[in-house]
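**Student:** Supplied structure: entry22.cif, mmCIF, C-alpha atoms.
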```
data_input
#
loop_
_atom_site.label_atom_id
_atom_site.label_comp_id
_atom_site.auth_asym_id
_atom_site.auth_seq_id
_atom_site.Cartn_x
_atom_site.Cartn_y
_atom_site.Cartn_z
CA MET F 3 110.87 264.16 167.41
CA VAL F 4 113.06 261.11 167.52
CA CYS F 5 111.06 259.26 170.01
CA CYS F 6 107.91 259.59 167.93
CA SER F 7 109.25 258.64 164.57
CA SER F 8 108.30 255.38 162.93
CA SER F 9 110.90 253.60 165.00
CA GLY F 10 109.99 255.46 168.15
CA GLY F 11 108.10 252.53 169.58
CA SER F 12 111.04 250.21 169.27
CA THR F 13 113.31 252.86 170.75
CA TRP F 14 111.25 253.03 173.91
CA LEU F 15 111.03 249.26 174.00
CA ARG F 16 114.77 249.03 173.71
CA ALA F 17 115.16 251.60 176.46
CA ALA F 18 112.94 249.49 178.67
CA VAL F 19 115.02 246.42 177.81
CA LEU F 20 118.23 248.25 178.70
CA VAL F 21 116.79 249.31 182.04
CA GLY F 22 115.55 245.79 182.61
CA MET F 23 118.99 244.39 181.87
CA ALA F 24 120.57 246.83 184.29
CA LEU F 25 118.07 246.08 187.02
CA GLY F 26 118.53 242.38 186.45
CA ALA F 27 122.30 242.71 186.64
CA GLY F 28 121.94 244.80 189.77
CA GLY F 29 119.65 242.26 191.34
CA LEU F 30 121.98 239.42 190.47
CA HIS F 31 124.94 241.36 191.80
CA MET F 32 123.04 242.04 194.99
CA ALA F 33 122.10 238.39 195.39
CA LEU F 34 125.69 237.27 194.92
CA SER F 35 127.17 239.91 197.22
CA ASP F 36 127.31 240.12 200.95
CA PRO F 37 124.27 241.90 202.29
CA ILE F 38 124.86 245.59 202.69
CA SER F 39 123.68 247.53 205.65
CA THR F 40 120.84 249.89 205.15
CA GLU F 41 121.75 251.72 208.30
CA LEU F 42 123.63 254.91 207.78
CA LYS F 43 126.94 255.22 209.52
CA GLY F 44 126.31 256.63 212.92
CA SER F 45 122.90 255.10 213.08
CA GLY F 46 121.26 255.65 216.37
CA VAL F 47 122.92 258.99 216.52
CA VAL F 48 120.84 261.40 218.48
CA VAL F 49 121.69 264.83 217.25
CA PRO F 50 120.91 267.48 219.84
CA PRO F 51 118.38 269.96 218.43
CA THR F 52 120.63 272.95 218.47
CA THR F 53 121.94 275.54 216.09
CA PRO F 54 124.20 273.80 213.60
CA THR F 55 127.86 274.44 213.96
CA THR F 56 129.33 276.09 210.94
CA ALA F 57 132.79 276.81 212.19
CA LYS F 58 135.36 274.58 210.60
CA LEU F 59 139.01 273.81 210.85
CA PRO F 60 140.14 273.13 207.33
CA THR F 61 143.58 271.90 208.18
CA LEU F 62 145.75 271.00 211.06
CA PRO F 63 149.26 272.21 211.62
CA GLY F 64 151.64 269.99 209.77
CA GLY F 65 153.90 267.59 211.52
CA GLY F 66 152.58 268.14 214.99
CA ASP F 67 156.02 269.32 215.92
CA GLY F 68 155.16 272.89 216.65
CA THR F 69 156.56 274.11 213.37
CA GLY F 70 153.27 274.57 211.63
CA PRO F 71 151.93 277.87 210.43
CA LYS F 72 151.63 280.40 213.18
CA ALA F 73 148.54 282.38 213.88
CA THR F 74 147.22 284.19 216.85
CA ALA F 75 144.45 282.30 218.50
CA PRO F 76 141.24 284.19 219.16
CA GLU F 77 141.29 285.70 222.61
CA ALA F 78 138.18 283.92 223.75
CA ALA F 79 139.23 280.66 222.24
CA PRO F 80 138.12 277.78 224.43
CA VAL F 81 141.38 275.95 224.34
CA VAL F 82 142.08 272.94 226.43
CA THR F 83 143.53 273.80 229.76
CA ARG F 84 146.67 271.80 229.61
CA PRO F 85 150.10 272.22 231.09
CA THR F 86 152.39 273.42 228.39
CA THR F 87 155.83 274.83 228.24
CA GLU F 88 155.03 276.75 225.12
CA PRO F 89 154.08 280.38 225.41
CA ALA F 90 150.69 281.26 224.02
CA THR F 91 152.17 283.08 221.07
CA ASN F 92 153.71 279.84 219.91
CA THR F 93 150.37 278.21 219.60
CA PRO F 94 150.45 276.83 216.10
CA THR F 95 147.09 277.03 214.55
CA ASN F 96 145.62 277.96 211.28
CA ALA F 97 142.18 277.66 212.68
CA LYS F 98 139.76 280.12 211.21
CA PRO F 99 137.52 281.88 213.65
CA PRO F 100 133.86 281.38 212.92
CA THR F 101 132.60 283.70 210.27
CA ALA F 102 129.38 282.21 209.01
CA SER F 103 127.52 282.26 212.27
CA PRO F 104 127.91 283.46 215.82
CA ALA F 105 128.32 279.90 216.99
CA PRO F 106 130.55 279.94 220.05
CA ILE F 107 133.11 277.74 218.41
CA ALA F 108 136.63 279.03 218.20
CA PRO F 109 138.77 275.97 218.09
CA ALA F 110 142.36 276.57 218.90
CA PRO F 111 144.73 273.66 219.08
CA VAL F 112 147.53 273.92 221.55
CA VAL F 113 150.81 272.11 221.64
CA ASP F 114 151.72 270.19 224.72
CA ALA F 115 155.15 269.55 226.08
CA GLY F 116 155.53 266.50 223.89
CA GLY F 117 155.16 268.57 220.75
CA GLN F 118 151.77 267.20 219.85
CA THR F 119 148.79 269.29 218.89
CA MET F 120 146.00 268.94 221.41
CA LEU F 121 142.42 269.70 220.53
CA SER F 122 139.56 270.82 222.68
CA THR F 123 136.12 269.31 222.27
CA ASP F 124 135.02 272.35 220.31
CA ALA F 125 137.91 271.95 217.94
CA ALA F 126 137.18 268.26 217.57
CA VAL F 127 133.55 268.99 216.74
CA ALA F 128 134.55 271.60 214.19
CA LEU F 129 136.94 269.18 212.58
CA PHE F 130 134.33 266.45 212.65
CA ASN F 131 131.94 268.69 210.75
CA ASP F 132 134.66 269.65 208.33
CA LEU F 133 134.27 266.14 206.95
CA GLN F 134 137.87 266.26 205.79
CA THR F 135 139.14 264.89 209.05
CA GLN F 136 139.56 261.28 209.99
CA PHE F 137 139.06 260.22 213.59
CA VAL F 138 141.16 257.41 215.00
CA ASP F 139 140.20 255.60 218.17
CA ALA F 140 143.28 254.48 220.08
CA ARG F 141 141.40 252.46 222.65
CA GLU F 142 141.14 248.70 222.70
CA PRO F 143 138.62 247.04 220.37
CA ASP F 144 136.11 246.23 223.10
CA GLU F 145 135.93 249.87 224.15
CA PHE F 146 135.73 250.89 220.51
CA GLY F 147 132.81 248.56 219.92
CA ALA F 148 130.98 249.78 223.00
CA GLY F 149 130.88 253.37 221.86
CA ARG F 150 132.97 255.69 219.75
CA ILE F 151 132.96 258.90 217.80
CA PRO F 152 130.98 258.22 214.60
CA SER F 153 133.09 257.11 211.67
CA ALA F 154 136.18 256.59 213.83
CA VAL F 155 138.75 254.03 212.77
CA SER F 156 140.02 251.61 215.39
CA LEU F 157 143.79 251.66 215.80
CA PRO F 158 144.73 250.59 219.32
CA VAL F 159 148.30 250.92 220.44
CA SER F 160 148.60 247.15 220.60
CA ALA F 161 147.87 246.98 216.88
CA PHE F 162 151.27 248.46 216.10
CA ASN F 163 153.16 245.71 217.84
CA GLY F 164 153.84 242.05 217.37
CA GLN F 165 151.91 239.93 214.96
CA ASN F 166 149.30 242.64 214.41
CA ALA F 167 151.76 245.08 212.92
CA GLU F 168 151.56 243.91 209.34
CA ALA F 169 147.78 243.85 209.33
CA THR F 170 147.79 247.29 210.88
CA GLU F 171 149.94 248.67 208.10
CA ILE F 172 147.45 247.35 205.57
CA LYS F 173 144.55 248.76 207.51
CA ILE F 174 146.15 252.18 207.78
CA ASN F 175 146.63 252.31 204.03
CA MET F 176 143.08 251.17 203.42
CA TYR F 177 141.30 253.39 205.92
CA LEU F 178 143.31 256.56 206.26
CA ARG F 179 144.42 259.19 203.80
CA ARG F 180 147.63 261.03 204.40
CA ASP F 181 146.40 264.21 202.77
CA LEU F 182 143.59 264.66 205.28
CA ASN F 183 143.58 265.61 208.93
CA VAL F 184 143.79 262.83 211.47
CA VAL F 185 142.50 263.29 215.00
CA VAL F 186 143.43 260.58 217.46
CA TYR F 187 141.64 260.11 220.75
CA CYS F 188 141.46 257.63 223.59
CA GLY F 189 139.53 257.57 226.83
CA GLY F 190 140.31 261.17 227.60
CA GLY F 191 142.35 263.10 230.11
CA GLN F 192 145.59 261.48 231.02
CA CYS F 193 145.40 258.45 228.75
CA ASP F 194 148.47 258.21 226.58
CA ALA F 195 147.22 255.81 223.92
CA SER F 196 146.16 258.62 221.62
CA LYS F 197 149.56 260.26 221.81
CA LEU F 198 151.34 257.01 221.10
CA VAL F 199 149.13 256.26 218.13
CA ALA F 200 149.55 259.82 216.88
CA LYS F 201 153.32 259.40 217.01
CA ASN F 202 153.04 256.11 215.17
CA LEU F 203 150.99 257.77 212.46
CA GLN F 204 153.40 260.67 212.18
CA ALA F 205 156.17 258.16 211.76
CA ARG F 206 154.20 256.78 208.80
CA ALA F 207 154.15 260.07 206.93
CA PHE F 208 150.89 261.40 208.27
CA SER F 209 151.62 265.10 208.55
CA LYS F 210 148.33 266.46 209.87
CA VAL F 211 147.88 264.61 213.11
CA ALA F 212 146.40 265.97 216.31
CA VAL F 213 145.23 264.50 219.59
CA TYR F 214 141.77 265.10 220.93
CA HIS F 215 142.68 265.67 224.53
CA ASP F 216 139.37 265.04 226.23
CA GLY F 217 138.77 261.94 224.19
CA MET F 218 135.71 259.79 224.55
CA THR F 219 135.01 261.07 228.04
CA GLY F 220 134.84 264.65 226.86
CA TRP F 221 132.86 263.73 223.78
CA THR F 222 130.12 261.92 225.66
CA ALA F 223 130.09 264.43 228.49
CA ALA F 224 129.42 267.14 225.93
CA GLY F 225 126.34 265.26 224.79
CA LEU F 226 127.75 264.56 221.36
CA PRO F 227 126.56 261.59 219.32
CA THR F 228 128.33 258.27 219.33
CA GLU F 229 128.01 255.03 217.46
CA SER F 230 128.66 251.47 218.51
CA GLY F 231 129.01 248.01 217.07
CA PRO F 232 131.38 246.68 214.43
CA GLU F 233 133.70 249.00 212.61
CA ASN F 234 132.45 250.48 209.38
CA PRO F 235 134.15 249.83 206.06
CA PRO F 236 136.57 252.48 204.83
CA GLY F 237 135.74 255.54 202.82
CA LEU F 238 132.20 256.08 203.98
CA PRO F 239 130.62 259.49 204.19
CA ARG F 240 129.42 260.75 207.54
CA MET F 241 126.84 263.23 208.61
CA PRO F 242 127.69 266.51 210.32
CA ILE F 243 126.73 266.84 213.95
CA THR F 244 125.55 269.72 216.05
CA PRO F 245 126.85 270.55 219.50
CA PRO F 246 124.45 270.62 222.43
CA ALA F 247 122.31 273.64 223.12
CA SER F 248 124.70 274.95 225.72
CA GLY F 249 126.98 275.96 222.88
CA GLY F 250 130.58 275.82 223.99
CA THR F 251 131.73 272.35 224.76
CA SER F 252 135.26 273.22 225.60
CA GLY F 253 136.72 270.95 228.13
CA GLY F 254 133.69 268.82 227.82
CA GLY F 255 133.73 267.84 231.44
CA SER F 256 136.59 265.53 230.87
CA LYS F 257 137.55 263.19 233.61
CA PRO F 258 141.20 262.36 233.50
CA MET E 22 103.49 247.23 127.02
CA SER E 23 106.23 245.31 128.50
CA ASP E 24 105.53 242.18 130.47
CA VAL E 25 108.53 242.79 132.57
CA PRO E 26 107.31 243.71 136.00
CA LEU E 27 108.32 247.11 137.12
CA ARG E 28 110.86 247.05 139.85
CA SER E 29 110.17 249.31 142.66
CA ILE E 30 112.60 252.11 142.70
CA PRO E 31 114.03 252.75 146.11
CA PRO E 32 113.71 256.30 147.28
CA ALA E 33 116.75 258.46 147.04
CA PRO E 34 118.76 258.22 150.20
CA ASP E 35 118.47 261.11 152.55
CA SER E 36 121.95 262.46 152.61
CA CYS E 37 121.36 263.84 156.08
CA SER E 38 119.56 260.89 157.56
CA PRO E 39 119.65 260.87 161.30
CA GLN E 40 121.13 257.42 161.07
CA GLY E 41 124.21 259.26 160.09
CA ALA E 42 126.65 256.51 159.32
CA SER E 43 126.19 256.54 155.58
CA CYS E 44 125.21 260.12 155.23
CA GLY E 45 127.09 262.85 153.62
CA CYS E 46 126.95 265.29 156.47
CA PRO E 47 130.09 265.17 158.56
CA LEU E 48 128.34 266.85 161.44
CA ARG E 49 125.64 264.21 161.55
CA ALA E 50 128.25 261.50 161.43
CA PHE E 51 130.89 262.73 163.82
CA VAL E 52 129.06 264.85 166.38
CA PRO E 53 127.06 261.86 167.64
CA LEU E 54 130.14 259.67 167.40
CA THR E 55 132.17 262.05 169.53
CA LEU E 56 129.39 262.56 172.05
CA ARG E 57 128.54 258.91 172.49
CA LEU E 58 132.15 257.84 172.80
CA THR E 59 132.77 260.54 175.40
CA LEU E 60 129.56 260.09 177.34
CA GLY E 61 129.67 256.31 177.05
CA SER E 62 133.23 256.12 178.31
CA LEU E 63 132.42 258.31 181.28
CA LEU E 64 129.40 256.20 182.13
CA ILE E 65 131.38 252.98 181.92
CA PHE E 66 134.04 254.56 184.10
CA SER E 67 131.64 255.88 186.72
CA GLY E 68 129.60 252.69 186.78
CA TRP E 69 132.64 250.50 187.19
CA LEU E 70 134.02 252.67 189.99
CA LYS E 71 130.84 252.10 191.97
CA LEU E 72 130.53 248.36 191.53
CA GLY E 73 133.46 247.48 193.76
CA ILE E 74 134.37 244.51 191.60
CA SER E 75 137.94 245.42 190.80
CA SER E 76 140.16 248.43 191.18
CA PHE E 77 142.72 246.91 188.81
CA GLY E 78 145.31 246.46 191.46
CA GLY E 79 144.57 249.73 193.18
CA THR E 80 144.82 251.77 189.98
CA LEU E 81 141.29 253.07 190.40
CA SER E 82 139.81 254.56 193.54
CA THR E 83 136.72 252.44 193.54
CA ILE E 84 133.94 252.27 196.07
CA ASP E 85 131.46 249.52 196.71
CA PRO E 86 127.66 249.41 196.73
CA GLN E 87 127.73 249.85 200.49
CA THR E 88 129.21 253.29 200.05
CA VAL E 89 126.78 254.03 197.25
CA LEU E 90 123.99 253.08 199.61
CA TYR E 91 125.20 255.55 202.21
CA ALA E 92 125.32 258.23 199.56
CA ILE E 93 121.81 257.44 198.38
CA LYS E 94 120.57 257.68 201.93
CA GLY E 95 122.46 260.93 202.32
CA PHE E 96 120.28 262.41 199.60
CA GLN E 97 117.40 262.15 202.08
CA ILE E 98 114.85 261.74 199.35
CA PRO E 99 111.36 261.72 200.82
CA TRP E 100 109.68 258.31 200.78
CA LEU E 101 112.78 256.60 199.39
CA SER E 102 114.57 257.17 202.70
CA ASP E 103 111.98 254.92 204.32
CA GLN E 104 112.65 252.10 201.86
CA PRO E 105 115.95 250.57 202.95
CA ASN E 106 115.60 247.52 200.73
CA LEU E 107 114.85 249.62 197.68
CA MET E 108 117.81 251.86 198.44
CA ALA E 109 120.04 248.82 198.79
CA PHE E 110 118.81 247.55 195.44
CA LEU E 111 119.43 250.92 193.81
CA ALA E 112 122.94 250.91 195.21
CA PHE E 113 123.60 247.87 193.06
CA ALA E 114 121.39 248.74 190.10
CA VAL E 115 122.40 252.35 189.44
CA PRO E 116 126.02 251.48 188.60
CA TRP E 117 124.81 248.77 186.27
CA VAL E 118 122.49 251.21 184.51
CA GLU E 119 125.48 253.46 183.92
CA LEU E 120 127.67 250.61 182.80
CA ILE E 121 125.20 249.03 180.40
CA THR E 122 124.07 252.28 178.83
CA GLY E 123 127.69 253.36 178.57
CA VAL E 124 128.62 250.19 176.70
CA ALA E 125 125.61 250.63 174.41
CA LEU E 126 126.64 254.19 173.62
CA VAL E 127 130.25 253.31 172.93
CA LEU E 128 129.22 250.46 170.65
CA GLY E 129 126.51 252.50 168.99
CA LEU E 130 124.07 249.72 169.71
CA TRP E 131 120.51 250.73 170.53
CA THR E 132 122.01 254.17 170.68
CA ARG E 133 118.86 256.21 170.96
CA ALA E 134 117.37 253.95 173.57
CA ALA E 135 120.54 254.16 175.62
CA ALA E 136 120.66 257.92 175.23
CA ILE E 137 117.08 258.23 176.42
CA VAL E 138 117.83 256.12 179.49
CA VAL E 139 120.90 258.23 180.22
CA ALA E 140 118.92 261.43 179.83
CA LEU E 141 116.23 260.22 182.20
CA THR E 142 118.86 259.03 184.66
CA MET E 143 120.52 262.43 184.58
CA VAL E 144 117.19 264.09 185.23
CA GLY E 145 116.79 261.91 188.31
CA PHE E 146 120.32 262.53 189.54
CA THR E 147 120.07 266.25 188.98
CA ALA E 148 116.72 266.48 190.74
CA GLY E 149 118.25 264.79 193.76
CA ILE E 150 121.26 267.10 193.70
CA ILE E 151 119.05 270.17 193.42
CA GLY E 152 117.17 268.91 196.45
CA ILE E 153 120.42 268.61 198.36
CA VAL E 154 121.62 272.05 197.38
CA ALA E 155 118.25 273.62 198.15
CA ARG E 156 118.18 272.07 201.60
CA GLY E 157 121.79 272.94 202.29
CA LEU E 158 122.75 269.35 203.07
CA ASP E 159 126.39 268.39 203.17
CA VAL E 160 126.56 265.23 201.11
CA LYS E 161 129.44 263.70 199.25
CA CYS E 162 128.79 262.45 195.78
CA PRO E 163 130.08 259.03 194.81
CA CYS E 164 129.47 259.99 191.18
CA PHE E 165 132.87 258.78 190.07
CA GLY E 166 133.64 256.53 192.97
CA ALA E 167 136.27 258.00 195.21
CA MET E 168 137.68 259.99 192.30
CA LYS E 169 136.86 263.52 191.30
CA PHE E 170 135.82 264.46 187.81
CA ILE E 171 135.34 268.15 187.13
CA CYS E 172 133.59 268.64 190.47
CA GLY E 173 134.73 267.97 194.02
CA ALA E 174 133.22 265.45 196.38
CA GLU E 175 130.80 267.81 198.09
CA ILE E 176 127.63 268.06 196.09
CA GLY E 177 126.91 271.51 194.79
CA THR E 178 126.13 273.64 191.80
CA CYS E 179 129.05 272.19 189.87
CA HIS E 180 127.35 268.79 189.90
CA ILE E 181 124.15 270.30 188.56
CA LEU E 182 126.00 271.93 185.68
CA ARG E 183 128.00 268.78 184.94
CA ASN E 184 124.90 266.61 184.89
CA THR E 185 123.13 269.15 182.72
CA GLY E 186 125.97 268.80 180.25
CA PHE E 187 125.63 265.03 180.28
CA PHE E 188 121.88 265.39 179.83
CA LEU E 189 122.26 267.68 176.83
CA ALA E 190 124.79 265.32 175.28
CA ALA E 191 122.34 262.44 175.70
CA VAL E 192 119.54 264.49 174.14
CA VAL E 193 121.70 265.33 171.15
CA ILE E 194 122.58 261.66 170.68
CA ALA E 195 118.92 260.70 170.97
CA LYS E 196 118.04 263.27 168.33
CA MET E 197 120.87 262.55 165.90
CA GLY E 198 121.26 258.81 166.26
CA HIS E 199 124.41 256.75 166.34
CA GLY E 200 126.38 258.70 163.75
CA ALA E 201 129.46 257.10 162.29
CA LEU E 202 130.85 253.75 163.33
CA GLY E 203 127.83 252.51 165.19
CA LEU E 204 126.65 248.95 165.34
CA ASP E 205 123.16 250.24 164.73
CA GLY E 206 124.21 251.39 161.27
CA PHE E 207 125.81 248.06 160.53
CA LEU E 208 122.72 246.16 161.62
CA ASN E 209 120.41 248.48 159.70
CA ARG E 210 122.37 247.97 156.50
CA LYS E 211 122.31 244.24 157.03
CA ALA E 212 118.56 244.29 157.51
#
```
Hey, can you dump this file as C-alpha cells for me?
**Tutor:**
Amino acid sequence: MVCCSSSGGSTWLRAAVLVGMALGAGGLHMALSDPISTELKGSGVVVPPTTPTTAKLPTLPGGGDGTGPKATAPEAAPVVTRPTTEPATNTPTNAKPPTASPAPIAPAPVVDAGGQTMLSTDAAVALFNDLQTQFVDAREPDEFGAGRIPSAVSLPVSAFNGQNAEATEIKINMYLRRDLNVVVYCGGGQCDASKLVAKNLQARAFSKVAVYHDGMTGWTAAGLPTESGPENPPGLPRMPITPPASGGTSGGGSKP
Amino acid sequence: MSDVPLRSIPPAPDSCSPQGASCGCPLRAFVPLTLRLTLGSLLIFSGWLKLGISSFGGTLSTIDPQTVLYAIKGFQIPWLSDQPNLMAFLAFAVPWVELITGVALVLGLWTRAAAIVVALTMVGFTAGIIGIVARGLDVKCPCFGAMKFICGAEIGTCHILRNTGFFLAAVVIAKMGHGALGLDGFLNRKA
C-alpha cells in the first residue's frame, strides 16, 4: 500500500502540512474578510408543524401578457377571487396539480384585467418551495426590513425612478435571474406597487413574472414564516416552508 | 586483490516504479498525469469559485464564503450545526483545501499527500450528501460555485456518483504517484 511504503510516513506528514496550509489560509482569509453571518437566511422562521407541501409550480406563464401556455385549471383550484375580464378558459397556467401527495395545493394563477398573472397564497407557497422562484418585495425599505417573505429582494417602486435608477439596474442584475420565475408582492389586496414593479421587470426582459395578489398581508395571515432585518446578499439558498395545518391558504385572509 | 575499493552498484531501476516519471510504462506515466491534471484543475476551479475573491470581470459565476456557510448549514450535520463559528471557519477553509490540493496535483508536488487529502475530503463531502439524500432534504450544492458541473444544483444521487469518481481518481493517483511531468520526480532525481 502506498501509504505504508518506506515513504509513507512522509506522505502522511505532507498531507497534514497541506491541510494545515489550507486551514491557515482559510483562517487568514476569514480574519481579513468581513464577518459572515452564521444565521441561516430566514432565521427565526417558525415553520408550522404540518405536512410538507410537495406541490410545485415549475414555471410561470411567459410574458405575463396572457399569451402563455394554456391549460385547464383544476376545478377545485383555490384561485384568487379577483375581478377579471378573462373567461376561465383563458386562464394561462402550466401549473401541475399535486401528484406526490394529497396536499390541498392546486395553485392556479389567474390573469387580471391588466394582463398580469396573479397568484393566490397557495400558488405563492408552491412557488416558494420550488426554490426556482425569486420573490421581490415592492414595498418601501422600512416595511421590507420590518418583515418580509424569506429570501425576498427589495425593489420598491421608488427605486426605479430618479437617482436610484442606475443603482437599481445594477441590483437587478446582481440579485435576479431572468431565466427563473419572479413573484412580486406588496402589502396585499389593492396595493399597486407589485404590479408596477412587475411591469418594470417585464420591461427589462424578465419573462416569467407574476404578482402575488394577497401580498404580505395574505402571507402573514396564512401563518407563513417571515424574516426581518437587513437584506440578504444575492444568490443564497433558502429552505422550503410548510403551510399551516389548516391546509389550504387560498386567499389567506387578505385585507385589501 | 585489488586495493581499489569496490563501488556500490546501484540496483537496477524498476522500470515500473510508482514514481512513474522515468519509468518505461506509459500507463504508469500518463494515467496519473491525466488524472491529476484533470482532478487538480477541477479542484482549483471549484475552490476559486467559492472564495469570492474574483469572478474575472463576471466571467465566472462565483459565490462567497457567506453562501458556502449557508450551504454547510443546509447540510444539517448533527453537532456541526450547533457550531456556528466552526461552520464559518469551514466556509473559508474548505475552498482553500480544494485550491491548495488542486495546485499540488497539477504541479505534481507532494502528489500522494495531496491525493490522500482529496480522497478524505471526498469521503467527507459524500457522507454529507448521502445524509441529505437519505433525509430527503432539499439543499443546493455550491460545489462549483453558482455553476453546474455534471450535476444540477439540487443535491442528489448524481453528486454522490460524481464525488465517487473524484474519490477513485484520487485513490489511483495516491497509488500510482505523480506519473510524468511531476515536480516530485524532478525533486527526487535532484536528491
**Student:** For atom CA of F:Phe146 and atom CA of F:Ile172, determine how far apart the two atoms are, in Å to one decimal place.
**Tutor:**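 These two atoms are separated by 19.3 Å.
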**Student:** What residues in chain E have any atom no more than 7 Å from chain F when counting all atoms listed in the file, and can you write them as a list of chain:residue names?
**Tutor:** E:Gln87, E:Thr88, E:Tyr91, E:Pro105, E:Ala109, E:Phe110, E:Phe113, E:Ala114, E:Trp117, E:Val118, E:Ile121, E:Trp131, E:Arg133, E:Ala134, E:Ala135, E:Ile137, E:Val138, E:Lys161, E:Ala195, E:Lys196
**Student:** Store the residues of this selection in a file with C-alpha atoms, as a compact mmCIF listing (two decimals), keeping the file's coordinate frame.
**Tutor:**
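part.txt written:
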```txt
# COMPACT_ATOMS: atom_id res chain seq x y z
CA GLN E 87 127.73 249.85 200.49
CA THR E 88 129.21 253.29 200.05
CA TYR E 91 125.20 255.55 202.21
CA PRO E 105 115.95 250.57 202.95
CA ALA E 109 120.04 248.82 198.79
CA PHE E 110 118.81 247.55 195.44
CA PHE E 113 123.60 247.87 193.06
CA ALA E 114 121.39 248.74 190.10
CA TRP E 117 124.81 248.77 186.27
CA VAL E 118 122.49 251.21 184.51
CA ILE E 121 125.20 249.03 180.40
CA TRP E 131 120.51 250.73 170.53
CA ARG E 133 118.86 256.21 170.96
CA ALA E 134 117.37 253.95 173.57
CA ALA E 135 120.54 254.16 175.62
CA ILE E 137 117.08 258.23 176.42
CA VAL E 138 117.83 256.12 179.49
CA LYS E 161 129.44 263.70 199.25
CA ALA E 195 118.92 260.70 170.97
CA LYS E 196 118.04 263.27 168.33
```
**Student:** One number please: atom CA of E:Asp85 to atom CA of E:Ala190, in Å, one decimal.
**Tutor:** 27.4 Å
**Student:** Pick out the residues sitting within 9 Å of E:Phe165, and hand them over as a PDB file with C-alpha atoms, in the frame of the given file; count all atoms listed in the file, and ignore anything fewer than 6 positions along from it in its own chain.
**Tutor:**
```
ATOM      1  CA  LEU E  63     132.420 258.310 181.280  1.00  0.00           C
ATOM      2  CA  PHE E  66     134.040 254.560 184.100  1.00  0.00           C
ATOM      3  CA  SER E  67     131.640 255.880 186.720  1.00  0.00           C
ATOM      4  CA  GLY E  68     129.600 252.690 186.780  1.00  0.00           C
ATOM      5  CA  TRP E  69     132.640 250.500 187.190  1.00  0.00           C
ATOM      6  CA  LEU E  70     134.020 252.670 189.990  1.00  0.00           C
ATOM      7  CA  LYS E  71     130.840 252.100 191.970  1.00  0.00           C
ATOM      8  CA  SER E  82     139.810 254.560 193.540  1.00  0.00           C
ATOM      9  CA  THR E  83     136.720 252.440 193.540  1.00  0.00           C
ATOM     10  CA  ILE E  84     133.940 252.270 196.070  1.00  0.00           C
TER      11      ILE E  84
END
```
**Student:** So the first atom is atom CA of E:Ala112 and the second is atom CA of E:Lys94; what is the distance between them in Å, to one decimal place?
**Tutor:**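 If I compute the distance from atom CA of E:Ala112 to atom CA of E:Lys94, I get 9.8 Å.
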**Student:** Would you list the contacts of F:Leu203 as an mmCIF file with C-alpha atoms, in the frame of the given file, taking every protein, DNA or RNA residue within 9 Å and counting only C-alpha atoms, but skipping same-chain residues closer than 6 positions in sequence?
**Tutor:**
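This is the output file selection10.cif:
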```
data_model
loop_
_atom_site.group_PDB
_atom_site.id
_atom_site.type_symbol
_atom_site.label_atom_id
_atom_site.label_comp_id
_atom_site.auth_asym_id
_atom_site.auth_seq_id
_atom_site.Cartn_x
_atom_site.Cartn_y
_atom_site.Cartn_z
ATOM 1 C CA ILE F 174 146.150 252.180 207.780
ATOM 2 C CA VAL F 184 143.790 262.830 211.470
ATOM 3 C CA SER F 209 151.620 265.100 208.550
ATOM 4 C CA VAL F 211 147.880 264.610 213.110
#
```
**Student:** E:Leu130, E:Val89, E:Cys164, E:Ala148: which is nearest E:Asp205, counting only C-alpha atoms?
**Tutor:**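 Ranked by minimum distance to E:Asp205, first place goes to E:Leu130.
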**Student:** Can you pull out the residues contacting F:Ala161? Cut-off 10 Å, using only C-alpha atoms, and skip same-chain residues under 2 positions away; I want them as a PyMOL selection string.
**Tutor:** chain F and resi 140+142-143+156-159+163-171+199
**Student:** Tell me which protein, DNA and RNA residues are within 12 Å of E:Met143, counting all atoms listed in the file, leaving out same-chain ones fewer than 6 positions away, and put them as a VMD selection string.
**Tutor:** chain E and resid 60 64 115 118 to 119 136 to 137 149 to 151 164 180 to 192
**Student:** When you look at E:Phe96 with a cut-off of 9 Å (counting all atoms listed in the file), what residues show up, excluding the ones that are within fewer than 3 positions of it in the same chain? I need them as a count of residues only.
**Tutor:** 10
**Student:** Would you translate the PyMOL selection byres ((chain F and resi 193) around 10) into the concrete set of residues it matches in this file, as a VMD selection string?
**Tutor:** chain F and resid 140 to 141 187 to 192 194 to 198 215 to 217 258
**Student:** Would you mind exporting C-alpha atoms of the selected residues as a PDB file, in the frame of the given file?
**Tutor:**
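Saved to selection.pdb:
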```
ATOM      1  CA  ALA F 140     143.280 254.480 220.080  1.00  0.00           C
ATOM      2  CA  ARG F 141     141.400 252.460 222.650  1.00  0.00           C
ATOM      3  CA  TYR F 187     141.640 260.110 220.750  1.00  0.00           C
ATOM      4  CA  CYS F 188     141.460 257.630 223.590  1.00  0.00           C
ATOM      5  CA  GLY F 189     139.530 257.570 226.830  1.00  0.00           C
ATOM      6  CA  GLY F 190     140.310 261.170 227.600  1.00  0.00           C
ATOM      7  CA  GLY F 191     142.350 263.100 230.110  1.00  0.00           C
ATOM      8  CA  GLN F 192     145.590 261.480 231.020  1.00  0.00           C
ATOM      9  CA  ASP F 194     148.470 258.210 226.580  1.00  0.00           C
ATOM     10  CA  ALA F 195     147.220 255.810 223.920  1.00  0.00           C
ATOM     11  CA  SER F 196     146.160 258.620 221.620  1.00  0.00           C
ATOM     12  CA  LYS F 197     149.560 260.260 221.810  1.00  0.00           C
ATOM     13  CA  LEU F 198     151.340 257.010 221.100  1.00  0.00           C
ATOM     14  CA  HIS F 215     142.680 265.670 224.530  1.00  0.00           C
ATOM     15  CA  ASP F 216     139.370 265.040 226.230  1.00  0.00           C
ATOM     16  CA  GLY F 217     138.770 261.940 224.190  1.00  0.00           C
ATOM     17  CA  PRO F 258     141.200 262.360 233.500  1.00  0.00           C
TER      18      PRO F 258
END
```
**Student:** Expanded to explicit residues, what is the PyMOL selection byres ((chain E and resi 129) around 6) for this file, as a PyMOL selection string?
**Tutor:** chain E and resi 125-128+130+132+199+203-205
**Student:** Any chance you can output those residues with C-alpha atoms as a short mmCIF file (atom, residue, chain, number, x, y, z; two decimals), in the frame of the given file?
**Tutor:**
```
data_model
loop_
_atom_site.label_atom_id
_atom_site.label_comp_id
_atom_site.auth_asym_id
_atom_site.auth_seq_id
_atom_site.Cartn_x
_atom_site.Cartn_y
_atom_site.Cartn_z
CA ALA E 125 125.61 250.63 174.41
CA LEU E 126 126.64 254.19 173.62
CA VAL E 127 130.25 253.31 172.93
CA LEU E 128 129.22 250.46 170.65
CA LEU E 130 124.07 249.72 169.71
CA THR E 132 122.01 254.17 170.68
CA HIS E 199 124.41 256.75 166.34
CA GLY E 203 127.83 252.51 165.19
CA LEU E 204 126.65 248.95 165.34
CA ASP E 205 123.16 250.24 164.73
#
```
